[in-house]
Amino acid sequence: MLTLASEQGGLRTYFEVESETEMFAWLQLLTTCSLPVPMNDLTVHHRKILSLSLTVVEARGLLPVDPIRRTANPYCLISLDKTLEATSSVCMNSVNPLWNERIVLE
């Protein structure tokens, strides 16, 4: 299992894959969808993404917000280019939430 992680402004982002081959395939797909594509020396065309489907799967070992009950009410924020696009449902009283929630951004 390979995990790419980054943290900016207190927001953690994770990308987890089973193998290095799968990681490069995902990175190539995401790069193709988001970067300019040169068409010739004079123009640059951008690919347009019509929709993006994500599955929010799970989190493990979150810090409890309630120290007495040792629980949290976690949710996932999905943002693109620093703009909030969607929010998952809240998993009540869990430090190991399981969402398996599909979110489509259009």
# chains A, B, ... in the order shown; residues from 1 in each chain; ligands from 1
>>> residues_around(residues="Arg69 of chain A", least_positions_apart="6", cutoff="12 Å", atoms="only C-alpha atoms", output="PyMOL selection string")
chain A and resi 63+93-95
>>> write_last_selection(atoms="N, CA and C atoms", output="compact mmCIF listing (two decimals), in the first residue's frame")
# COMPACT_ATOMS: atom_id res chain seq x y z
N LEU A 63 -8.29 11.57 15.92
CA LEU A 63 -8.21 12.01 17.31
C LEU A 63 -9.62 12.30 17.83
N ASN A 93 -20.07 9.71 16.34
CA ASN A 93 -19.42 8.96 17.41
C ASN A 93 -18.44 7.91 16.91
N SER A 94 -17.51 8.32 16.06
CA SER A 94 -16.56 7.36 15.51
C SER A 94 -15.19 8.00 15.31
N VAL A 95 -14.14 7.28 15.68
CA VAL A 95 -12.78 7.71 15.35
C VAL A 95 -12.23 6.86 14.20
>>> residues_around(residues="segment 102-104 of chain A", least_positions_apart="6", cutoff="8 Å", atoms="only C-alpha atoms", output="PyMOL selection string")
chain A and resi 51-56+86+88
>>> write_last_selection(atoms="C-alpha atoms", output="mmCIF file, in the first residue's frame")
data_model
loop_
_atom_site.group_PDB
_atom_site.id
_atom_site.type_symbol
_atom_site.label_atom_id
_atom_site.label_comp_id
_atom_site.auth_asym_id
_atom_site.auth_seq_id
_atom_site.Cartn_x
_atom_site.Cartn_y
_atom_site.Cartn_z
ATOM 1 C CA SER A 51 -17.706 15.574 -14.116
ATOM 2 C CA LEU A 52 -15.538 13.860 -11.549
ATOM 3 C CA SER A 53 -16.763 10.916 -9.482
ATOM 4 C CA LEU A 54 -15.111 10.293 -6.108
ATOM 5 C CA THR A 55 -15.691 7.697 -3.430
ATOM 6 C CA VAL A 56 -14.989 8.736 0.147
ATOM 7 C CA ALA A 86 -18.711 19.002 -1.537
ATOM 8 C CA SER A 88 -19.560 14.010 2.980
#
>>> atom_distance(atom1="atom CA of Leu98 of chain A", atom2="atom CA of Met23 of chain A")
22.7 Å
>>> closest_residue(among="A:Phe24, A:Leu80, A:Pro74, A:Thr87", to="Gly61 of chain A", atoms="only C-alpha atoms")
A:Pro74
>>> atom_distance(atom1="atom CA of Asn73 of chain A", atom2="atom CA of Asn100 of chain A")
16.0 Å
>>> atom_distance(atom1="atom CA of Val57 of chain A", atom2="atom CA of Leu105 of chain A")
16.3 Å
>>> residues_around(residues="Leu62 of chain A", least_positions_apart="3", cutoff="8 Å", atoms="only C-alpha atoms", output="PyMOL selection string")
chain A and resi 59+72+95-96
>>> write_last_selection(atoms="N, CA and C atoms", output="mmCIF file, in the first residue's frame")
data_model
loop_
_atom_site.group_PDB
_atom_site.id
_atom_site.type_symbol
_atom_site.label_atom_id
_atom_site.label_comp_id
_atom_site.auth_asym_id
_atom_site.auth_seq_id
_atom_site.Cartn_x
_atom_site.Cartn_y
_atom_site.Cartn_z
ATOM 1 N N ALA A 59 -11.658 6.565 7.186
ATOM 2 C CA ALA A 59 -10.536 7.168 7.910
ATOM 3 C C ALA A 59 -10.260 6.267 9.108
ATOM 4 N N ALA A 72 -15.534 11.157 17.998
ATOM 5 C CA ALA A 72 -15.576 12.338 17.140
ATOM 6 C C ALA A 72 -16.757 12.183 16.198
ATOM 7 N N VAL A 95 -14.142 7.280 15.680
ATOM 8 C CA VAL A 95 -12.784 7.706 15.346
ATOM 9 C C VAL A 95 -12.233 6.856 14.196
ATOM 10 N N ASN A 96 -13.032 5.892 13.713
ATOM 11 C CA ASN A 96 -12.705 5.068 12.555
ATOM 12 C C ASN A 96 -13.901 5.047 11.609
#
>>> closest_residue(among="A:Glu18, A:Met92, A:Pro67, A:Leu50", to="Glu106 of chain A", atoms="only C-alpha atoms")
A:Leu50
